[in-house]
file upload30.cif (mmCIF, C-alpha atoms)
data_protein
loop_
_atom_site.label_atom_id
_atom_site.label_comp_id
_atom_site.auth_asym_id
_atom_site.auth_seq_id
_atom_site.Cartn_x
_atom_site.Cartn_y
_atom_site.Cartn_z
CA MET A 4 35.14 120.28 118.93
CA LYS A 5 32.82 122.93 117.56
CA ILE A 6 29.15 122.89 118.51
CA GLU A 7 27.09 122.81 115.30
CA VAL A 8 23.84 124.79 115.29
CA ARG A 9 20.85 123.94 113.08
CA LYS A 10 17.99 126.31 112.35
CA VAL A 11 14.41 125.30 113.18
CA GLU A 12 11.53 126.48 110.98
CA ALA A 13 8.58 128.62 112.07
CA VAL A 14 5.33 126.77 112.83
CA LYS A 15 2.37 128.20 110.93
CA ALA A 16 -1.21 127.02 111.28
CA THR A 17 -3.53 128.12 108.49
CA VAL A 18 -7.20 128.16 107.71
CA LYS A 19 -9.06 128.44 104.43
CA MET B 2 33.77 140.08 120.62
CA SER B 3 36.26 137.88 122.44
CA THR B 4 35.22 136.45 125.76
CA PRO B 5 37.84 136.34 128.51
CA GLU B 6 37.85 132.97 130.23
CA ALA B 7 36.89 134.22 133.69
CA THR B 8 33.76 136.05 132.53
CA THR B 9 30.21 134.84 132.71
CA VAL B 10 27.68 135.19 129.88
CA ARG B 11 24.17 136.33 130.74
CA LEU B 12 21.67 134.53 128.55
CA ARG B 13 18.11 135.60 127.84
CA PRO B 14 15.29 133.41 129.22
CA LEU B 15 15.75 130.50 126.81
CA SER B 16 13.68 127.34 126.52
CA LEU B 17 15.54 124.01 126.56
CA VAL B 18 13.91 120.78 125.40
CA GLU B 19 15.90 117.55 125.18
CA GLU B 20 14.88 115.41 122.24
CA GLY B 21 16.80 112.26 121.40
CA ASP B 22 20.50 113.08 121.27
CA GLU B 23 19.99 116.77 120.61
CA VAL B 24 18.55 119.78 122.40
CA LEU B 25 16.01 122.30 121.10
CA VAL B 26 16.94 125.78 122.31
CA GLY B 27 15.04 128.95 121.64
CA ASP B 28 13.99 132.41 122.68
CA PRO B 29 10.17 132.29 122.76
CA GLU B 30 10.04 136.11 122.76
CA THR B 31 11.74 136.43 119.35
CA GLY B 32 10.52 133.09 117.97
CA VAL B 33 14.08 132.00 117.11
CA PHE B 34 14.75 128.29 117.73
CA ILE B 35 17.73 126.03 116.97
CA THR B 36 18.86 122.48 117.65
CA ILE B 37 22.29 121.66 119.03
CA PRO B 38 23.98 118.42 120.11
CA ALA B 39 23.56 117.38 123.76
CA VAL B 40 26.89 118.98 124.75
CA GLY B 41 25.44 122.35 123.70
CA GLY B 42 22.66 121.82 126.22
CA VAL B 43 25.29 121.20 128.91
CA VAL B 44 27.00 124.48 127.95
CA ILE B 45 23.79 126.51 128.01
CA ALA B 46 22.69 125.00 131.34
CA ALA B 47 26.10 125.91 132.83
CA LEU B 48 25.96 129.48 131.50
CA GLN B 49 22.40 129.86 132.81
CA ARG B 50 23.68 128.81 136.25
CA GLY B 51 26.24 131.62 136.08
CA ALA B 52 29.33 129.45 135.46
CA THR B 53 32.34 131.22 133.95
CA ILE B 54 33.56 130.42 130.44
CA GLU B 55 36.41 128.44 131.99
CA GLU B 56 34.13 126.38 134.26
CA THR B 57 31.72 125.81 131.38
CA ALA B 58 34.54 124.59 129.13
CA ALA B 59 35.63 122.11 131.81
CA GLU B 60 32.09 120.79 132.20
CA ALA B 61 31.61 120.47 128.45
CA GLU B 62 34.94 118.67 128.06
CA ALA B 63 34.02 116.23 130.84
CA PHE B 64 30.71 115.53 129.04
CA ALA B 65 32.08 115.26 125.49
CA GLY B 66 35.39 113.59 126.29
CA GLU B 67 37.26 116.19 124.22
CA PRO B 68 37.86 119.96 124.36
CA VAL B 69 34.84 122.03 123.25
CA ASP B 70 35.16 125.43 121.56
CA ILE B 71 33.08 127.58 123.93
CA PRO B 72 34.02 131.10 122.69
CA SER B 73 32.87 130.40 119.12
CA PHE B 74 29.62 128.88 120.44
CA VAL B 75 29.01 131.97 122.61
CA GLU B 76 29.57 134.11 119.52
CA THR B 77 26.92 132.08 117.67
CA LEU B 78 24.53 132.52 120.61
CA GLN B 79 25.13 136.26 120.37
CA GLU B 80 24.36 136.32 116.65
CA LEU B 81 21.10 134.48 117.39
CA GLY B 82 20.16 137.13 119.96
CA PHE B 83 20.28 134.61 122.81
CA VAL B 84 22.67 136.72 124.93
CA GLU B 85 21.23 139.43 127.21
CA ASP B 86 22.41 142.81 125.93
CA GLY B 87 21.56 144.56 129.20
CA SER B 88 19.30 147.13 127.53
CA GLY B 89 16.22 145.67 129.21
CA GLU B 90 14.27 146.45 126.04
CA GLU B 91 11.63 144.06 124.79
CA ARG B 92 12.79 142.09 121.74
CA GLU B 93 10.62 142.11 118.67
CA ALA B 94 9.69 138.74 117.20
CA ALA B 95 10.90 137.91 113.70
CA ARG B 96 8.18 138.34 111.10
CA THR B 97 6.82 135.08 109.65
CA ALA B 98 3.91 136.46 107.56
CA PRO B 99 3.46 139.56 105.36
CA ILE B 100 0.64 140.90 107.56
CA GLN B 101 1.06 139.96 111.19
CA GLY B 102 0.53 141.05 114.78
CA ARG B 103 3.79 142.19 116.35
CA ARG B 104 3.09 140.94 119.82
CA TRP B 105 2.48 137.45 121.11
CA LEU B 106 -1.06 137.04 122.34
CA ALA B 107 -1.88 135.63 125.77
CA GLY B 108 -5.30 137.08 126.56
CA ILE B 109 -6.56 134.23 128.72
CA SER B 110 -5.07 132.36 131.64
CA GLN B 111 -3.81 128.82 131.27
CA GLU B 112 -5.94 127.61 134.21
CA ALA B 113 -9.16 128.98 132.73
CA ILE B 114 -8.75 127.32 129.34
CA ARG B 115 -7.06 124.06 130.34
CA PRO B 116 -10.31 122.07 130.90
CA PHE B 117 -11.27 122.71 127.26
CA PHE B 118 -8.17 120.84 126.09
CA SER B 119 -8.07 118.06 128.68
CA PRO B 120 -7.99 114.40 127.55
CA MET B 121 -11.78 114.30 128.08
CA ALA B 122 -12.23 117.36 125.87
CA TRP B 123 -10.08 115.82 123.12
CA ALA B 124 -12.19 112.65 123.32
CA PHE B 125 -15.26 114.84 122.74
CA TYR B 126 -13.65 116.56 119.70
CA ALA B 127 -12.74 113.14 118.28
CA ALA B 128 -16.30 111.93 118.90
CA CYS B 129 -17.61 114.91 116.91
CA GLY B 130 -15.39 113.83 114.01
CA VAL B 131 -16.58 110.22 114.24
CA PHE B 132 -20.21 111.38 114.41
CA SER B 133 -19.79 113.41 111.19
CA VAL B 134 -18.22 110.48 109.34
CA ALA B 135 -21.01 108.19 110.60
CA VAL B 136 -23.70 110.60 109.35
CA PHE B 137 -22.11 110.70 105.88
CA VAL B 138 -21.94 106.88 105.80
CA MET B 139 -25.48 106.28 107.09
CA VAL B 140 -27.17 109.13 105.19
CA PRO B 141 -25.13 109.66 101.99
CA SER B 142 -27.63 112.24 100.72
CA LEU B 143 -26.31 114.66 103.37
CA PHE B 144 -22.84 114.58 101.77
CA PRO B 145 -22.33 117.84 99.88
CA ASP B 146 -22.92 117.83 96.14
CA PRO B 147 -20.81 120.68 94.72
CA ALA B 148 -23.15 121.20 91.77
CA GLU B 149 -26.12 121.76 94.07
CA ASP B 150 -24.69 122.93 97.36
CA ALA B 151 -21.95 125.35 96.38
CA PHE B 152 -24.45 128.19 96.15
CA ALA B 153 -27.52 128.36 98.37
CA PHE B 154 -29.49 130.62 96.06
CA ALA B 155 -29.84 131.06 92.33
CA ASP B 156 -28.37 134.57 92.64
CA ILE B 157 -24.58 134.11 92.82
CA GLY B 158 -24.14 137.50 94.47
CA LEU B 159 -26.68 136.82 97.20
CA SER B 160 -25.14 133.40 97.87
CA ALA B 161 -21.67 134.92 98.21
CA VAL B 162 -22.84 137.74 100.47
CA LEU B 163 -24.64 135.31 102.78
CA LEU B 164 -21.70 132.91 102.79
CA MET B 165 -19.16 135.56 103.76
CA PRO B 166 -20.19 136.06 107.42
CA PHE B 167 -20.25 132.30 108.03
CA SER B 168 -16.91 131.79 106.34
CA MET B 169 -15.37 134.60 108.41
CA VAL B 170 -16.81 133.35 111.72
CA SER B 171 -15.79 129.79 110.89
CA MET B 172 -12.20 130.82 110.12
CA ALA B 173 -12.01 132.99 113.25
CA LEU B 174 -13.19 130.04 115.37
CA HIS B 175 -10.53 127.81 113.78
CA GLU B 176 -7.75 130.28 114.55
CA CYS B 177 -9.05 130.76 118.09
CA GLY B 178 -8.85 126.98 118.48
CA HIS B 179 -5.10 127.17 117.82
CA TRP B 180 -4.62 130.15 120.12
CA LEU B 181 -6.64 128.64 123.00
CA ALA B 182 -5.06 125.18 122.70
CA ALA B 183 -1.68 126.95 122.84
CA ARG B 184 -2.78 128.85 125.95
CA ALA B 185 -3.82 125.54 127.53
CA ILE B 186 -0.15 124.46 127.53
CA GLY B 187 1.06 127.92 128.51
CA ILE B 188 2.45 129.25 125.23
CA ARG B 189 1.50 132.33 123.25
CA SER B 190 0.73 132.74 119.55
CA ARG B 191 -0.04 135.59 117.17
CA PHE B 192 -2.39 136.06 114.25
CA GLY B 193 -1.58 137.12 110.71
CA VAL B 194 -2.54 136.99 107.06
CA ASP B 195 -0.38 135.08 104.58
CA ARG B 196 -0.72 133.45 101.20
CA ARG B 197 -0.32 129.94 99.81
CA LEU B 198 0.45 130.19 96.08
CA MET B 199 -2.35 132.59 95.00
CA LEU B 200 -4.69 131.86 97.91
CA LEU B 201 -5.10 134.19 100.87
CA VAL B 202 -5.08 132.46 104.26
CA PHE B 203 -5.43 133.43 107.87
CA GLU B 204 -2.53 132.15 109.88
CA THR B 205 -1.60 131.57 113.51
CA ASP B 206 2.11 131.66 114.33
CA LEU B 207 2.64 128.73 116.71
CA THR B 208 6.45 128.78 116.60
CA GLN B 209 6.58 128.78 120.41
CA VAL B 210 5.49 125.11 120.39
CA TRP B 211 9.22 124.35 119.98
CA ALA B 212 9.55 125.40 123.64
CA VAL B 213 7.54 122.40 124.90
CA PRO B 214 8.17 118.63 124.69
CA ARG B 215 7.20 116.92 121.44
CA ARG B 216 4.00 115.24 122.64
CA GLN B 217 2.57 118.52 123.95
CA ARG B 218 2.87 120.17 120.52
CA TYR B 219 -0.05 118.27 119.01
CA GLY B 220 -2.68 120.18 121.02
CA PRO B 221 -2.02 123.63 119.53
CA LEU B 222 -1.46 122.15 116.05
CA LEU B 223 -4.80 120.29 116.08
CA GLY B 224 -6.76 122.90 118.06
CA GLY B 225 -8.18 124.51 114.92
CA MET B 226 -9.47 121.26 113.45
CA ALA B 227 -10.92 120.28 116.85
CA ILE B 228 -13.19 123.35 116.72
CA ASP B 229 -13.99 122.58 113.06
CA ALA B 230 -15.09 119.07 114.07
CA VAL B 231 -17.53 120.49 116.63
CA VAL B 232 -18.99 123.00 114.14
CA LEU B 233 -19.39 120.31 111.45
CA ALA B 234 -21.09 117.94 113.92
CA LEU B 235 -23.54 120.70 114.94
CA LEU B 236 -24.36 121.51 111.30
CA LEU B 237 -24.85 117.85 110.41
CA GLY B 238 -26.90 117.27 113.56
CA ALA B 239 -29.25 120.06 112.47
CA ARG B 240 -29.50 118.67 108.93
CA LEU B 241 -30.18 115.21 110.33
CA LEU B 242 -33.10 116.60 112.38
CA ILE B 243 -34.52 118.17 109.21
CA HIS B 244 -33.86 115.02 107.17
CA THR B 245 -35.69 112.81 109.69
CA GLY B 246 -38.59 115.26 109.93
CA VAL B 247 -38.04 116.10 113.62
CA TRP B 248 -37.49 119.75 112.71
CA SER B 249 -39.13 121.45 109.74
CA PRO B 250 -37.79 124.98 109.29
CA PRO B 251 -38.40 127.07 106.13
CA ASP B 252 -36.63 125.74 103.00
CA PRO B 253 -33.71 128.20 102.83
CA VAL B 254 -32.53 127.00 106.27
CA ASP B 255 -31.65 123.52 104.99
CA SER B 256 -30.00 124.81 101.82
CA THR B 257 -27.97 127.31 103.88
CA LEU B 258 -26.89 124.53 106.25
CA ALA B 259 -25.91 122.44 103.21
CA VAL B 260 -23.63 125.23 101.97
CA TRP B 261 -22.06 125.57 105.40
CA VAL B 262 -21.37 121.81 105.56
CA PHE B 263 -19.77 122.13 102.12
CA VAL B 264 -17.57 124.98 103.38
CA LYS B 265 -16.44 123.05 106.46
CA LEU B 266 -15.60 119.97 104.38
CA ALA B 267 -13.63 122.14 101.96
CA GLY B 268 -11.75 123.38 105.02
CA PHE B 269 -10.84 119.81 106.02
CA LEU B 270 -9.77 119.06 102.44
CA TRP B 271 -7.56 122.17 102.61
CA GLN B 272 -5.84 120.86 105.74
CA CYS B 273 -5.01 117.60 103.91
CA MET B 274 -3.01 119.54 101.30
CA ILE B 275 0.24 119.32 103.28
CA PHE B 276 2.21 120.79 100.36
CA LEU B 277 0.54 124.13 101.17
CA ARG B 278 2.07 124.11 104.68
CA THR B 279 -1.23 123.47 106.45
CA ASP B 280 -1.92 122.31 110.01
CA LEU B 281 -1.42 118.67 109.00
CA TYR B 282 1.97 119.59 107.50
CA ALA B 283 2.99 120.84 110.95
CA VAL B 284 1.66 117.63 112.51
CA MET B 285 3.68 115.57 110.00
CA VAL B 286 6.84 117.56 110.80
CA ASN B 287 6.34 116.74 114.48
CA VAL B 288 5.62 113.04 113.84
CA LEU B 289 8.75 112.65 111.68
CA GLY B 290 10.96 114.69 114.01
CA CYS B 291 11.82 117.19 111.26
CA ARG B 292 13.34 120.61 112.04
CA ASN B 293 13.53 122.64 108.86
CA LEU B 294 11.73 120.51 106.27
CA TRP B 295 10.28 123.40 104.24
CA GLN B 296 13.73 124.81 103.46
CA VAL B 297 15.42 121.41 103.02
CA LYS B 298 12.64 120.40 100.59
CA THR B 299 13.43 123.48 98.48
CA LEU B 300 17.16 122.71 98.53
CA MET B 301 16.63 119.04 97.58
CA LEU B 302 14.32 120.05 94.74
CA ARG B 303 16.89 122.53 93.45
CA ARG B 304 19.52 119.80 93.64
CA ALA B 305 17.30 117.44 91.62
CA PHE B 306 17.19 120.06 88.86
CA GLY B 307 20.89 120.94 89.19
CA ARG B 308 20.19 124.47 90.39
CA LEU B 309 22.02 124.46 93.71
CA THR B 310 24.43 127.34 94.47
CA PRO B 311 27.58 126.54 96.50
CA GLU B 312 26.07 128.24 99.61
CA GLN B 313 22.89 126.18 99.24
CA ALA B 314 24.92 122.99 98.79
CA ALA B 315 26.75 123.75 102.05
CA GLU B 316 23.43 124.40 103.80
CA LEU B 317 22.04 121.09 102.55
CA GLU B 318 25.21 119.29 103.63
CA ALA B 319 24.58 120.47 107.22
CA ALA B 320 20.85 119.64 107.24
CA ALA B 321 19.36 117.30 109.84
CA PRO B 322 19.11 113.65 108.67
CA ALA B 323 15.36 113.55 109.47
CA ASP B 324 14.79 116.55 107.18
CA VAL B 325 16.78 115.00 104.31
CA ARG B 326 14.92 111.68 104.70
CA ALA B 327 11.50 113.36 104.58
CA ALA B 328 12.44 115.89 101.88
CA ARG B 329 13.46 113.04 99.56
CA TRP B 330 9.76 112.27 98.94
CA PHE B 331 8.08 115.44 100.22
CA ARG B 332 9.74 117.56 97.50
CA TRP B 333 7.81 115.62 94.83
CA VAL B 334 4.55 115.86 96.80
CA TRP B 335 5.12 119.61 96.98
CA LEU B 336 5.90 119.90 93.27
CA ALA B 337 2.94 117.78 92.11
CA GLY B 338 0.57 119.42 94.58
CA SER B 339 1.61 122.95 93.66
CA LEU B 340 1.29 122.21 89.94
CA GLY B 341 -2.12 120.65 90.63
CA VAL B 342 -3.36 123.74 92.48
CA LEU B 343 -2.03 126.04 89.74
CA ALA B 344 -3.80 123.92 87.09
CA TRP B 345 -7.03 123.98 89.13
CA PHE B 346 -6.68 127.75 89.36
CA ALA B 347 -6.12 128.17 85.61
CA PHE B 348 -8.78 125.74 84.36
CA PHE B 349 -11.53 125.98 86.98
CA LEU B 350 -11.18 129.16 88.97
CA LEU B 351 -10.14 131.67 86.30
CA PRO B 352 -13.24 130.97 84.14
CA VAL B 353 -15.41 131.61 87.23
CA VAL B 354 -13.49 134.84 87.91
CA VAL B 355 -14.17 135.95 84.33
CA VAL B 356 -17.91 135.28 84.74
CA VAL B 357 -18.00 137.23 88.02
CA LEU B 358 -16.10 140.13 86.46
CA GLN B 359 -18.42 140.23 83.42
CA TRP B 360 -21.46 140.18 85.71
CA ALA B 361 -19.95 142.90 87.93
CA ALA B 362 -18.95 145.03 84.91
CA ALA B 363 -22.54 144.94 83.65
CA GLY B 364 -23.74 146.21 87.04
CA VAL B 365 -21.04 148.85 87.39
CA ALA B 366 -21.81 150.15 83.88
CA LEU B 367 -25.20 151.33 85.15
CA GLY B 368 -23.50 154.10 87.15
CA PRO B 369 -23.22 154.89 90.87
CA LEU B 370 -26.77 156.25 91.08
CA THR B 371 -28.23 152.76 90.73
CA GLY B 372 -28.56 150.05 93.33
CA GLN B 373 -27.11 147.47 90.94
CA PHE B 374 -23.82 149.41 90.77
CA TRP B 375 -23.17 149.09 94.50
CA TRP B 376 -24.49 145.53 94.65
CA ALA B 377 -22.14 144.47 91.83
CA LEU B 378 -19.22 146.21 93.52
CA LEU B 379 -19.96 144.59 96.90
CA CYS B 380 -20.30 141.09 95.45
CA ALA B 381 -17.17 141.39 93.29
CA THR B 382 -15.19 142.58 96.32
CA LEU B 383 -16.45 139.72 98.48
CA LEU B 384 -15.85 137.10 95.80
CA LEU B 385 -12.50 138.32 94.47
CA GLY B 386 -11.08 140.56 97.21
CA GLN B 387 -9.15 137.92 99.16
CA GLU B 388 -7.35 136.36 96.22
CA THR B 389 -6.61 139.79 94.73
CA LEU B 390 -4.82 140.68 97.98
CA ALA B 391 -2.91 137.36 97.83
CA ILE B 392 -1.74 138.14 94.29
CA VAL B 393 -0.66 141.65 95.39
CA LEU B 394 1.32 140.12 98.29
CA ALA B 395 2.91 137.61 95.91
CA GLY B 396 3.85 140.40 93.50
CA ARG B 397 5.49 142.36 96.32
CA GLU B 398 7.42 139.30 97.49
CA TYR B 399 8.73 138.44 94.01
CA ALA B 400 9.63 142.09 93.31
CA ARG B 401 11.65 142.15 96.54
CA ARG B 402 13.38 138.88 95.62
CA PHE B 403 14.16 140.18 92.13
CA VAL B 404 15.72 143.37 93.54
CA ALA B 405 17.81 141.34 96.00
CA TRP B 406 18.90 138.97 93.22
CA ARG B 407 19.96 141.86 90.96
CA ARG B 408 21.84 143.53 93.79
CA GLN B 409 23.67 140.26 94.43
CA ARG B 410 24.54 139.90 90.74
CA SER B 411 25.85 143.45 90.42
CA ARG B 412 28.13 142.75 93.40
CA ALA B 413 29.43 139.48 91.95
#
call {"tool": "encode", "arguments": {"input": "upload30.cif", "output": "structure tokens"}}
result
Amino acid sequence: MKIEVRKVEAVKATVK
Amino acid sequence: MSTPEATTVRLRPLSLVEEGDEVLVGDPETGVFITIPAVGGVVIAALQRGATIEETAAEAEAFAGEPVDIPSFVETLQELGFVEDGSGEEREAARTAPIQGRRWLAGISQEAIRPFFSPMAWAFYAACGVFSVAVFVMVPSLFPDPAEDAFAFADIGLSAVLLMPFSMVSMALHECGHWLAARAIGIRSRFGVDRRLMLLVFETDLTQVWAVPRRQRYGPLLGGMAIDAVVLALLLGARLLIHTGVWSPPDPVDSTLAVWVFVKLAGFLWQCMIFLRTDLYAVMVNVLGCRNLWQVKTLMLRRAFGRLTPEQAAELEAAAPADVRAARWFRWVWLAGSLGVLAWFAFFLLPVVVVVLQWAAAGVALGPLTGQFWWALLCATLLLGQETLAIVLAGREYARRFVAWRRQRSRA
């Protein structure tokens, strides 16, 4: 079997 | 590169977090994180121990009950930069904002800051939030009235100039809340400037939270709003003292406090707009167990409008089920919210911008030898500078995309 890799998004905290 | 079976593979210092039936793996130094099925975690743990490819394959097969393709997985790890290249050089983190610090920021020891984010401390931050809500319920007159409280003084310029330092300090405190709460669990962050639609925002990159277990991620994500809750409680406490006659400072003090309360509440409203990828968006991603919701939302929206390329369709096919489940409704929240903000910008903000520009133009027309010239210039910069920068950043981004799109088309 092949090991499937999934991307994980960046975590951005904002302020306004 | 092919990997002979008897060789070992030296991995960089990777973080491994088991979550359900998958494993979150990442290189905190570069900010690159992925999820893989549990067998991938077995493979990485074996390689980290120094097992050969052959030994690793045997372990993985014993775990999975079928042969596992180790060489192709190692190749993927190499592409991700997870394999030590032996150069000993420091890796640079991938950029996540147009203006951003290059290095991850520690700056304070975990032991020193930990008490400020202990369970007791969080109870205090929550109490500050409850206190503020209670004040608004018991004394409704202290709730901001935009018509009266948006500007402290009749002179728009003076109001803006006086608001600027508070707004800056307040935003800096919020960002420090994220950074310090991250330090309290031993991870590093970095500061930057980004945009949301046409709004300029300060941003803390907290991507390293993927290196800790799920429950520990909430601290850094909520650290900014925790500080906001304390500031709001202090402001409302002061206004309450004035309101009850315990403290009677000169008049401008109360009207200045009223503006500051208005600003802090606007900040909380901002955080609720999850379609702008705010702190509460990140909290929602963690609650729902999403991995790449922002991208999957875009793909699902494109699919709804029949604008999915074959590559994008393949990417969506491979997306995590939690992302697809959440994106099914979040895409419409994003679309409606974004259209709402754009409409607000066009119908409410642009007319104000025009008034400010007309007022500034009248001042500038008097020439640089007059005080009004410099005053008009200063006020216009303070009022319009941030969003002008956001629009410049947006223009740059779209120009870059357009060039890439044309290059792709000329190749096709």
call {"tool": "atom_distance", "arguments": {"input": "upload30.cif", "atom1": "CA of Val131 (chain B)", "atom2": "CA of Leu242 (chain B)"}}
result
17.8 Å
call {"tool": "closest_residue", "arguments": {"input": "upload30.cif", "among": "B:Val10, B:Leu48, B:Val40, B:Met301", "to": "Met4 (chain A)", "atoms": "all atoms listed in the file"}}
result
B:Val40
call {"tool": "resolve_selection", "arguments": {"input": "upload30.cif", "expression": "the PyMOL selection byres ((chain B and resi 123) around 12)", "output": "VMD selection string"}}
result
chain B and resid 115 to 122 124 to 130 182 219 to 221 223 to 224 226 to 228 230 to 231
call {"tool": "resolve_selection", "arguments": {"input": "upload30.cif", "expression": "the PyMOL selection byres ((chain B) within 6 of (chain A))", "output": "PyMOL selection string"}}
result
chain B and resi 34-37+69-70+202-208+268+279-280+292-293
call {"tool": "atom_distance", "arguments": {"input": "upload30.cif", "atom1": "CA of Pro72 (chain B)", "atom2": "CA of Ser88 (chain B)"}}
result
22.3 Å
call {"tool": "atom_distance", "arguments": {"input": "upload30.cif", "atom1": "CA of Gly307 (chain B)", "atom2": "CA of Ala323 (chain B)"}}
result
22.3 Å
call {"tool": "residues_around", "arguments": {"input": "upload30.cif", "residues": "Pro322 (chain B)", "least_positions_apart": "6", "cutoff": "10 Å", "atoms": "only C-alpha atoms", "output": "NGL selection string"}}
result
:B and (290-292 or 328)
call {"tool": "resolve_selection", "arguments": {"input": "upload30.cif", "expression": "the PyMOL selection byres ((chain B and resi 90-94) around 10)", "output": "list of chain:residue names"}}
result
B:Asp28, B:Pro29, B:Glu30, B:Thr31, B:Gly32, B:Val33, B:Gly82, B:Glu85, B:Asp86, B:Gly87, B:Ser88, B:Gly89, B:Ala95, B:Arg96, B:Thr97, B:Gly102, B:Arg103, B:Arg104, B:Trp105
call {"tool": "write_last_selection", "arguments": {"input": "upload30.cif", "atoms": "C-alpha atoms", "output": "PDB file, in the frame of the given file"}}
result
ATOM      1  CA  ASP B  28      13.990 132.410 122.680  1.00  0.00           C
ATOM      2  CA  PRO B  29      10.170 132.290 122.760  1.00  0.00           C
ATOM      3  CA  GLU B  30      10.040 136.110 122.760  1.00  0.00           C
ATOM      4  CA  THR B  31      11.740 136.430 119.350  1.00  0.00           C
ATOM      5  CA  GLY B  32      10.520 133.090 117.970  1.00  0.00           C
ATOM      6  CA  VAL B  33      14.080 132.000 117.110  1.00  0.00           C
ATOM      7  CA  GLY B  82      20.160 137.130 119.960  1.00  0.00           C
ATOM      8  CA  GLU B  85      21.230 139.430 127.210  1.00  0.00           C
ATOM      9  CA  ASP B  86      22.410 142.810 125.930  1.00  0.00           C
ATOM     10  CA  GLY B  87      21.560 144.560 129.200  1.00  0.00           C
ATOM     11  CA  SER B  88      19.300 147.130 127.530  1.00  0.00           C
ATOM     12  CA  GLY B  89      16.220 145.670 129.210  1.00  0.00           C
ATOM     13  CA  ALA B  95      10.900 137.910 113.700  1.00  0.00           C
ATOM     14  CA  ARG B  96       8.180 138.340 111.100  1.00  0.00           C
ATOM     15  CA  THR B  97       6.820 135.080 109.650  1.00  0.00           C
ATOM     16  CA  GLY B 102       0.530 141.050 114.780  1.00  0.00           C
ATOM     17  CA  ARG B 103       3.790 142.190 116.350  1.00  0.00           C
ATOM     18  CA  ARG B 104       3.090 140.940 119.820  1.00  0.00           C
ATOM     19  CA  TRP B 105       2.480 137.450 121.110  1.00  0.00           C
TER      20      TRP B 105
END
call {"tool": "residues_near_point", "arguments": {"input": "upload30.cif", "point": "(-16.3, 138.4, 93.2)", "cutoff": "12 Å", "atoms": "only C-alpha atoms", "output": "count of residues only"}}
result
33
call {"tool": "build_atoms", "arguments": {"input": "upload30.cif", "residues": "region 194-205 of chain B", "atoms": "N, CA and C atoms", "output": "tab-separated table (two decimals), in the coordinates of the input"}}
result
chain	number	residue	atom	x	y	z
B	194	VAL	N	-1.97	137.33	108.37
B	194	VAL	CA	-2.54	136.99	107.06
B	194	VAL	C	-1.37	136.65	106.15
B	195	ASP	N	-1.49	135.54	105.43
B	195	ASP	CA	-0.38	135.08	104.58
B	195	ASP	C	-1.00	134.56	103.29
B	196	ARG	N	-0.16	134.04	102.41
B	196	ARG	CA	-0.72	133.45	101.20
B	196	ARG	C	-0.10	132.08	100.98
B	197	ARG	N	-0.84	131.23	100.26
B	197	ARG	CA	-0.32	129.94	99.81
B	197	ARG	C	-0.55	129.94	98.31
B	198	LEU	N	0.55	129.97	97.53
B	198	LEU	CA	0.45	130.19	96.08
B	198	LEU	C	-0.39	131.45	95.88
B	199	MET	N	-1.59	131.35	95.23
B	199	MET	CA	-2.35	132.59	95.00
B	199	MET	C	-3.58	132.64	95.91
B	200	LEU	N	-3.54	131.89	97.01
B	200	LEU	CA	-4.69	131.86	97.91
B	200	LEU	C	-4.37	132.61	99.20
B	201	LEU	N	-5.30	133.45	99.63
B	201	LEU	CA	-5.10	134.19	100.87
B	201	LEU	C	-5.52	133.31	102.04
B	202	VAL	N	-4.71	133.27	103.09
B	202	VAL	CA	-5.08	132.46	104.26
B	202	VAL	C	-4.89	133.27	105.54
B	203	PHE	N	-5.69	132.92	106.53
B	203	PHE	CA	-5.43	133.43	107.87
B	203	PHE	C	-4.48	132.45	108.53
B	204	GLU	N	-3.61	132.99	109.38
B	204	GLU	CA	-2.53	132.15	109.88
B	204	GLU	C	-2.27	132.45	111.35
B	205	THR	N	-2.02	131.40	112.12
B	205	THR	CA	-1.60	131.57	113.51
B	205	THR	C	-0.15	131.12	113.61
